file model-v5.txt (compact mmCIF, C-alpha atoms and all ligand atoms)
# COMPACT_ATOMS: atom_id res chain seq x y z
CA MET A 1 -1.43 10.29 -33.19
CA GLY A 2 -3.70 12.38 -31.17
CA ASN A 3 -6.96 12.41 -32.99
CA GLU A 4 -8.16 8.99 -31.99
CA PHE A 5 -7.67 9.99 -28.41
CA VAL A 6 -9.53 13.25 -28.55
CA CYS A 7 -12.87 11.51 -28.61
CA CYS A 8 -12.16 9.84 -25.33
CA SER A 9 -10.87 12.78 -23.48
CA PHE A 10 -13.62 14.59 -21.73
CA LEU A 11 -13.82 17.29 -19.21
CA LEU A 12 -16.20 16.44 -16.48
CA LEU A 13 -17.42 19.62 -14.97
CA LEU A 14 -20.91 18.63 -14.29
CA PHE A 15 -23.55 20.32 -12.34
CA VAL A 16 -25.19 17.54 -10.55
CA SER A 17 -28.80 16.92 -11.26
CA LEU A 18 -30.42 14.40 -9.06
CA SER A 19 -32.58 12.38 -11.35
CA PRO A 20 -33.05 8.88 -10.03
CA GLY A 21 -30.58 6.42 -11.38
CA ASN A 22 -28.27 9.20 -12.42
CA ALA A 23 -25.26 7.48 -10.98
CA ALA A 24 -24.77 4.76 -13.50
CA ALA A 25 -24.49 1.28 -12.17
CA SER A 26 -23.91 -1.78 -14.23
CA HIS A 27 -25.00 -4.19 -11.62
CA THR A 28 -27.92 -6.39 -10.79
CA GLU A 29 -31.42 -5.01 -10.92
CA ASP A 30 -32.13 -6.92 -7.77
CA ASP A 31 -32.45 -4.54 -4.87
CA SER A 32 -30.06 -6.42 -2.68
CA VAL A 33 -26.56 -5.21 -3.17
CA VAL A 34 -24.42 -7.55 -5.16
CA VAL A 35 -21.43 -5.55 -6.19
CA LEU A 36 -18.33 -7.46 -5.59
CA GLN A 37 -15.67 -5.71 -7.51
CA LEU A 38 -12.98 -4.05 -5.55
CA PRO A 39 -11.55 -1.11 -7.40
CA GLU A 40 -8.22 -2.01 -8.89
CA GLN A 41 -5.14 -1.42 -6.84
CA LYS A 42 -4.01 2.02 -7.68
CA ASP A 43 -0.84 0.75 -9.26
CA GLY A 44 0.27 -0.54 -5.93
CA HIS A 45 1.42 2.90 -4.82
CA SER A 46 0.21 4.70 -1.82
CA SER A 47 -1.67 7.70 -3.03
CA PRO A 48 0.36 10.89 -2.78
CA HIS A 49 -2.69 12.78 -3.95
CA MET A 50 -4.00 13.12 -0.47
CA GLY A 51 -2.55 16.57 -0.54
CA MET A 52 -2.76 17.17 3.16
CA GLY A 53 -2.47 15.05 6.27
CA MET A 54 -2.26 11.76 4.48
CA SER A 55 1.06 12.46 2.89
CA PHE A 56 2.93 13.85 5.86
CA GLY A 57 4.23 10.43 6.70
CA MET A 58 5.91 9.83 3.37
CA VAL A 59 9.48 8.71 3.58
CA GLU A 60 12.45 9.68 1.46
CA ASP A 61 11.90 6.79 -0.94
CA ASP A 62 8.62 8.28 -1.99
CA LEU A 63 10.48 11.03 -3.80
CA MET A 64 11.54 8.38 -6.28
CA ASN A 65 8.03 7.02 -6.61
CA PRO A 66 6.79 8.00 -10.09
CA ALA A 67 3.28 8.34 -8.67
CA ALA A 68 4.49 11.31 -6.63
CA LYS A 69 5.02 13.32 -9.82
CA VAL A 70 1.79 15.23 -9.42
CA PHE A 71 2.92 18.31 -7.52
CA ALA A 72 3.48 21.70 -9.11
CA THR A 73 2.91 25.42 -8.56
CA ILE A 74 0.73 27.87 -10.44
CA LYS A 75 3.58 29.17 -12.58
CA ASP A 76 4.11 25.61 -13.85
CA ILE A 77 0.73 25.63 -15.59
CA GLU A 78 1.43 28.59 -17.86
CA VAL A 79 0.64 27.70 -21.46
CA GLY A 80 3.65 26.14 -23.14
CA LYS A 81 5.32 24.81 -19.98
CA THR A 82 6.35 21.16 -19.99
CA MET A 83 6.71 18.85 -17.01
CA PRO A 84 6.56 15.15 -16.20
CA ILE A 85 3.21 14.16 -14.67
CA TYR A 86 1.94 10.82 -13.46
CA PHE A 87 -1.63 9.85 -14.38
CA PRO A 88 -2.79 6.39 -13.33
CA TYR A 89 -4.51 4.25 -15.92
CA ILE A 90 -8.03 3.28 -14.93
CA HIS A 91 -9.11 -0.08 -16.28
CA ASP A 92 -12.71 0.11 -15.24
CA PRO A 93 -14.11 3.57 -14.58
CA THR A 94 -17.48 2.11 -13.51
CA THR A 95 -15.95 1.09 -10.18
CA PHE A 96 -15.54 4.79 -9.43
CA GLN A 97 -19.16 5.65 -10.14
CA PHE A 98 -21.65 5.89 -7.37
CA LEU A 99 -24.33 3.27 -7.09
CA PRO A 100 -27.90 4.44 -6.55
CA LYS A 101 -28.37 5.30 -2.91
CA HIS A 102 -31.02 2.67 -2.33
CA LYS A 103 -28.30 0.12 -2.92
CA THR A 104 -25.66 1.55 -0.64
CA HIS A 105 -27.50 3.39 2.11
CA GLN A 106 -28.85 0.20 3.60
CA ILE A 107 -25.36 -1.24 4.12
CA PRO A 108 -23.64 -0.09 7.27
CA LEU A 109 -20.31 1.64 6.70
CA SER A 110 -18.87 0.64 10.02
CA SER A 111 -15.79 -1.16 11.30
CA GLU A 112 -17.88 -2.79 13.97
CA GLN A 113 -19.86 -4.57 11.31
CA LEU A 114 -16.85 -5.67 9.29
CA PRO A 115 -17.43 -9.40 9.91
CA GLU A 116 -20.99 -9.12 8.57
CA LEU A 117 -19.81 -7.00 5.65
CA LEU A 118 -17.17 -9.57 4.72
CA ARG A 119 -19.87 -12.24 4.72
CA LEU A 120 -22.13 -10.05 2.60
CA PHE A 121 -19.40 -9.58 0.02
CA SER A 122 -17.99 -13.09 0.40
CA PHE A 123 -14.46 -12.04 1.28
CA SER A 124 -12.46 -14.17 3.65
CA PRO A 125 -11.22 -12.23 6.69
CA ASP A 126 -7.58 -12.66 5.71
CA SER A 127 -7.99 -11.62 2.07
CA HIS A 128 -6.46 -8.43 0.74
CA GLN A 129 -9.99 -7.25 0.04
CA ALA A 130 -10.82 -7.58 3.73
CA LEU A 131 -7.73 -5.57 4.62
CA ALA A 132 -8.64 -2.88 2.09
CA MET A 133 -12.17 -2.66 3.46
CA GLU A 134 -10.87 -2.44 7.01
CA GLN A 135 -8.51 0.40 6.07
CA THR A 136 -11.21 2.28 4.21
CA LEU A 137 -13.58 1.99 7.16
CA LYS A 138 -10.83 3.30 9.44
CA ILE A 139 -10.33 6.29 7.19
CA CYS A 140 -14.07 6.92 7.18
CA GLU A 141 -14.19 6.78 10.97
CA MET A 142 -11.15 8.98 11.65
CA GLU A 143 -11.81 11.94 13.81
CA ALA A 144 -11.48 15.14 11.81
CA PRO A 145 -8.37 17.16 12.61
CA LYS A 146 -9.13 20.56 14.09
CA GLY A 147 -10.42 22.90 11.43
CA GLU A 148 -11.41 20.13 9.04
CA VAL A 149 -14.73 18.62 8.13
CA GLN A 150 -14.54 15.15 6.73
CA GLY A 151 -16.58 12.11 6.04
CA CYS A 152 -17.25 9.33 3.59
CA VAL A 153 -19.99 9.39 0.99
CA THR A 154 -21.43 6.43 -0.85
CA SER A 155 -23.86 8.09 -3.24
CA LEU A 156 -24.31 11.22 -5.28
CA GLU A 157 -27.05 12.27 -2.87
CA SER A 158 -24.82 11.97 0.18
CA LEU A 159 -22.08 13.84 -1.67
CA VAL A 160 -24.49 16.69 -2.41
CA ASP A 161 -25.71 16.71 1.22
CA PHE A 162 -22.13 16.80 2.46
CA ALA A 163 -21.33 19.67 0.11
CA GLN A 164 -24.48 21.66 0.90
CA ASP A 165 -23.73 21.44 4.62
CA ILE A 166 -20.54 23.31 3.80
CA PHE A 167 -21.51 25.54 0.88
CA GLY A 168 -25.06 26.31 2.03
CA PRO A 169 -28.35 24.51 1.51
CA ASP A 170 -29.29 26.27 -1.72
CA SER A 171 -25.94 26.07 -3.42
CA GLN A 172 -25.40 24.19 -6.62
CA VAL A 173 -22.73 21.59 -6.41
CA GLY A 174 -20.18 21.14 -9.17
CA ILE A 175 -17.87 18.18 -9.57
CA VAL A 176 -14.52 18.60 -11.26
CA ARG A 177 -12.68 15.50 -12.40
CA SER A 178 -9.75 14.76 -14.60
CA SER A 179 -10.32 12.95 -17.88
CA LEU A 180 -9.31 9.35 -18.37
CA THR A 181 -6.09 8.39 -20.11
CA SER A 182 -5.70 5.66 -22.72
CA LYS A 183 -4.09 2.37 -21.94
CA SER A 184 -1.22 3.09 -24.31
CA THR A 185 -0.25 6.25 -22.47
CA PRO A 186 2.82 5.91 -20.24
CA LEU A 187 1.88 6.43 -16.59
CA LEU A 188 4.64 8.99 -16.29
CA GLN A 189 5.52 11.17 -19.24
CA ASN A 190 6.10 14.79 -20.14
CA TYR A 191 3.04 16.92 -20.75
CA THR A 192 2.86 20.39 -22.24
CA VAL A 193 0.25 22.84 -20.99
CA VAL A 194 -2.20 23.77 -23.77
CA GLU A 195 -4.65 25.77 -21.71
CA SER A 196 -5.29 26.62 -18.04
CA LYS A 197 -8.57 27.88 -16.70
CA GLU A 198 -9.30 28.89 -13.15
CA ILE A 199 -12.59 27.31 -12.14
CA SER A 200 -13.03 28.33 -8.57
CA THR A 201 -11.43 30.10 -5.65
CA GLY A 202 -12.43 29.69 -2.06
CA LYS A 203 -14.36 26.83 -0.63
CA LEU A 204 -13.81 23.43 -2.07
CA ILE A 205 -14.01 19.84 -0.99
CA ALA A 206 -11.53 17.21 -2.10
CA CYS A 207 -12.91 13.69 -2.41
CA HIS A 208 -10.67 10.66 -2.72
CA ASN A 209 -11.83 7.29 -3.91
CA GLU A 210 -11.12 4.58 -1.37
CA PRO A 211 -10.90 0.86 -2.15
CA TYR A 212 -14.21 -0.77 -1.32
CA PRO A 213 -16.60 -3.16 -3.05
CA TYR A 214 -18.63 -0.17 -4.23
CA ALA A 215 -17.76 3.50 -4.72
CA VAL A 216 -16.81 5.15 -1.43
CA TYR A 217 -15.25 8.60 -1.36
CA TYR A 218 -13.48 10.15 1.58
CA CYS A 219 -14.23 13.87 1.37
CA HIS A 220 -12.57 16.61 3.36
CA PHE A 221 -12.83 20.33 3.70
CA GLN A 222 -10.60 22.74 5.58
CA LEU A 223 -12.19 25.64 7.34
CA GLY A 224 -10.63 28.94 6.41
CA SER A 225 -8.20 27.51 3.92
CA VAL A 226 -7.70 29.31 0.65
CA ASN A 227 -7.70 27.10 -2.40
CA LYS A 228 -7.92 27.47 -6.13
CA VAL A 229 -9.04 24.92 -8.66
CA PHE A 230 -7.94 24.98 -12.26
CA MET A 231 -8.75 22.81 -15.23
CA VAL A 232 -5.53 22.30 -17.14
CA SER A 233 -5.50 20.94 -20.68
CA LEU A 234 -2.35 19.01 -21.37
CA ARG A 235 -0.80 17.29 -24.35
CA GLY A 236 1.42 14.34 -23.59
CA ASP A 237 4.59 13.40 -25.42
CA ASN A 238 2.63 10.50 -26.95
CA GLY A 239 -0.09 12.86 -28.25
CA GLU A 240 -2.56 12.05 -25.49
CA LYS A 241 -4.76 14.96 -24.47
CA VAL A 242 -5.67 15.11 -20.79
CA ASP A 243 -7.87 17.63 -19.03
CA SER A 244 -6.78 17.56 -15.44
CA ALA A 245 -8.21 19.04 -12.30
CA PHE A 246 -5.44 20.99 -10.59
CA LEU A 247 -5.93 21.94 -6.98
CA CYS A 248 -3.82 24.59 -5.25
CA HIS A 249 -3.44 25.07 -1.53
CA MET A 250 -2.56 28.74 -1.36
CA ASP A 251 -1.41 28.95 2.25
CA THR A 252 1.15 26.31 3.14
CA SER A 253 2.68 28.14 6.11
CA THR A 254 1.36 25.62 8.62
CA TRP A 255 2.43 22.54 6.65
CA SER A 256 5.25 20.30 7.73
CA ALA A 257 8.53 21.05 5.99
CA GLY A 258 8.75 17.32 5.32
CA HIS A 259 5.67 17.31 3.09
CA ILE A 260 6.51 15.53 -0.10
CA GLY A 261 5.25 18.46 -2.19
CA PHE A 262 7.89 20.75 -0.71
CA ARG A 263 10.61 18.18 -1.09
CA LEU A 264 9.76 17.46 -4.71
CA LEU A 265 9.55 21.12 -5.63
CA GLY A 266 12.42 22.29 -3.42
CA LEU A 267 10.21 24.69 -1.47
CA LYS A 268 9.63 25.56 2.16
CA PRO A 269 6.37 26.01 4.07
CA GLY A 270 4.72 29.35 3.33
CA GLU A 271 7.09 30.09 0.45
CA SER A 272 4.65 29.14 -2.26
CA GLU A 273 1.33 27.52 -2.92
CA ILE A 274 1.43 23.78 -3.47
CA CYS A 275 -0.81 22.35 -6.16
CA HIS A 276 -1.40 18.89 -7.46
CA PHE A 277 -2.89 17.23 -10.49
CA PHE A 278 -5.80 14.97 -9.66
CA PRO A 279 -6.12 11.37 -10.82
CA ALA A 280 -9.42 10.64 -12.61
CA TYR A 281 -10.71 8.51 -9.74
CA ASP A 282 -10.75 11.45 -7.30
CA MET A 283 -12.81 14.60 -7.52
CA VAL A 284 -12.95 18.20 -6.45
CA VAL A 285 -16.33 19.50 -5.38
CA VAL A 286 -17.00 23.23 -5.77
CA PRO A 287 -20.02 25.49 -5.26
C1 LIG A 301 10.93 15.08 -19.86
O1 LIG A 301 11.72 15.98 -20.60
C2 LIG A 301 13.03 16.23 -20.03
C3 LIG A 301 13.68 17.32 -20.84
O2 LIG A 301 13.63 17.02 -22.21
C4 LIG A 301 13.79 14.92 -20.00
O3 LIG A 301 15.07 15.12 -19.44
C5 LIG A 301 13.03 13.91 -19.17
O4 LIG A 301 13.66 12.65 -19.18
C6 LIG A 301 11.60 13.75 -19.69
N1 LIG A 301 10.85 12.94 -18.74
C7 LIG A 301 10.11 11.93 -19.11
C8 LIG A 301 9.39 11.21 -17.99
O5 LIG A 301 9.91 11.62 -20.26

call {"tool": "encode", "arguments": {"input": "model-v5.txt", "output": "structure tokens", "more": "lines below"}}
Ligand SMILES: *[C@@H]1O[C@H](CO)[C@@H](O)[C@H](O)[C@H]1NC(C)=O
result
Amino acid sequence: MGNEFVCCSFLLLLFVSLSPGNAAASHTEDDSVVVLQLPEQKDGHSSPHMGMGMSFGMVEDDLMNPAAKVFATIKDIEVGKTMPIYFPYIHDPTTFQFLPKHKTHQIPLSSEQLPELLRLFSFSPDSHQALAMEQTLKICEMEAPKGEVQGCVTSLESLVDFAQDIFGPDSQVGIVRSSLTSKSTPLLQNYTVVESKEISTGKLIACHNEPYPYAVYYCHFQLGSVNKVFMVSLRGDNGEKVDSAFLCHMDTSTWSAGHIGFRLLGLKPGESEICHFFPAYDMVVVP
């Protein structure tokens, strides 16, 4: 085992170049947008990866949710350490790739226009797709909590604009993503750390893929927060090699004691950093 997987395991630390058509799209050449796939349900679990605000509401049951097994601290990623980690399987990675901006920028991303959008994508108003779109639009329209900058991006160009507003207009923008896992890999299994590399300290933006008929990412940035990003190479019990983005929030003193990360790790606010492994459909954006 092992070798046949190595080919498919790739570390995506790419410095974005903005050649036209860079964001691959396997859709019609027609300029009108006809992209009807809704990204697969993320295993039916609410995403615990939303490290911050999103997960404050998690209830006790979530501790038993295998998808919550993504939290750890920096000492857990020392070479040789083993821990159970949940990585979702992604059936169709193309649904997480941005479409060219000329396809998405002409479509309003607005709750007010939901009826028109449902007609455009041919979803009936009571379908689960309609509900998913409504929820995503709500997330995109949320008011940013104090000290946060947030927004949704629908193209590589808008991601770079969002990032350069924060990092500075001349900064290069790097995207860190976890590699994909094979279908045969158990969603939750033990992984042993093979290598850990710190990639960045300081400013970073976390971007979460939201269900929508085309790739929409909710990106957020916290002013004044101290974060570290690592790339951690892991070997699973089944031989699978995964390179995972690992994001650490260094100051947790203002977090709620009920945060699932604390409860899973048995820690209290301010006692330790809280880090989490990133699923391959999300990304960390760094200068
Ligand atoms: C991981 O390893 C520990 C210790 O060997 C074991 O108790 C646990 O069941 C394993 N977890 C999984 C998900 O395989």

call {"tool": "atom_distance", "arguments": {"input": "model-v5.txt", "atom1": "atom CA of Val70 of chain A", "atom2": "atom CA of Leu204 of chain A"}}
result
19.1 Å

call {"tool": "axis_aligned_box", "arguments": {"input": "model-v5.txt", "around": "ligand LIG 301 (chain A)", "padding_each_side": "6 Å", "output": "JSON"}}
result
{"center_x": 12.2, "center_y": 14.3, "center_z": -20.1, "size_x": 17.7, "size_y": 18.1, "size_z": 16.2}

call {"tool": "residues_near_ligand", "arguments": {"input": "model-v5.txt", "ligand": "ligand LIG 301 (chain A)", "cutoff": "10 Å", "atoms": "all atoms listed in the file", "output": "list of chain:residue names"}}
result
A:Pro66, A:Lys69, A:Thr82, A:Met83, A:Pro84, A:Ile85, A:Tyr86, A:Pro186, A:Leu187, A:Leu188, A:Gln189, A:Asn190, A:Tyr191, A:Thr192, A:Gly236, A:Asp237, A:Asn238

call {"tool": "atom_distance", "arguments": {"input": "model-v5.txt", "atom1": "atom CA of Glu143 of chain A", "atom2": "atom CA of Leu159 of chain A"}}
result
18.7 Å

call {"tool": "closest_residue", "arguments": {"input": "model-v5.txt", "among": "A:Ile205, A:Phe262, A:Asn227, A:Lys241", "to": "Ser182 of chain A", "atoms": "all atoms listed in the file"}}
result
A:Lys241
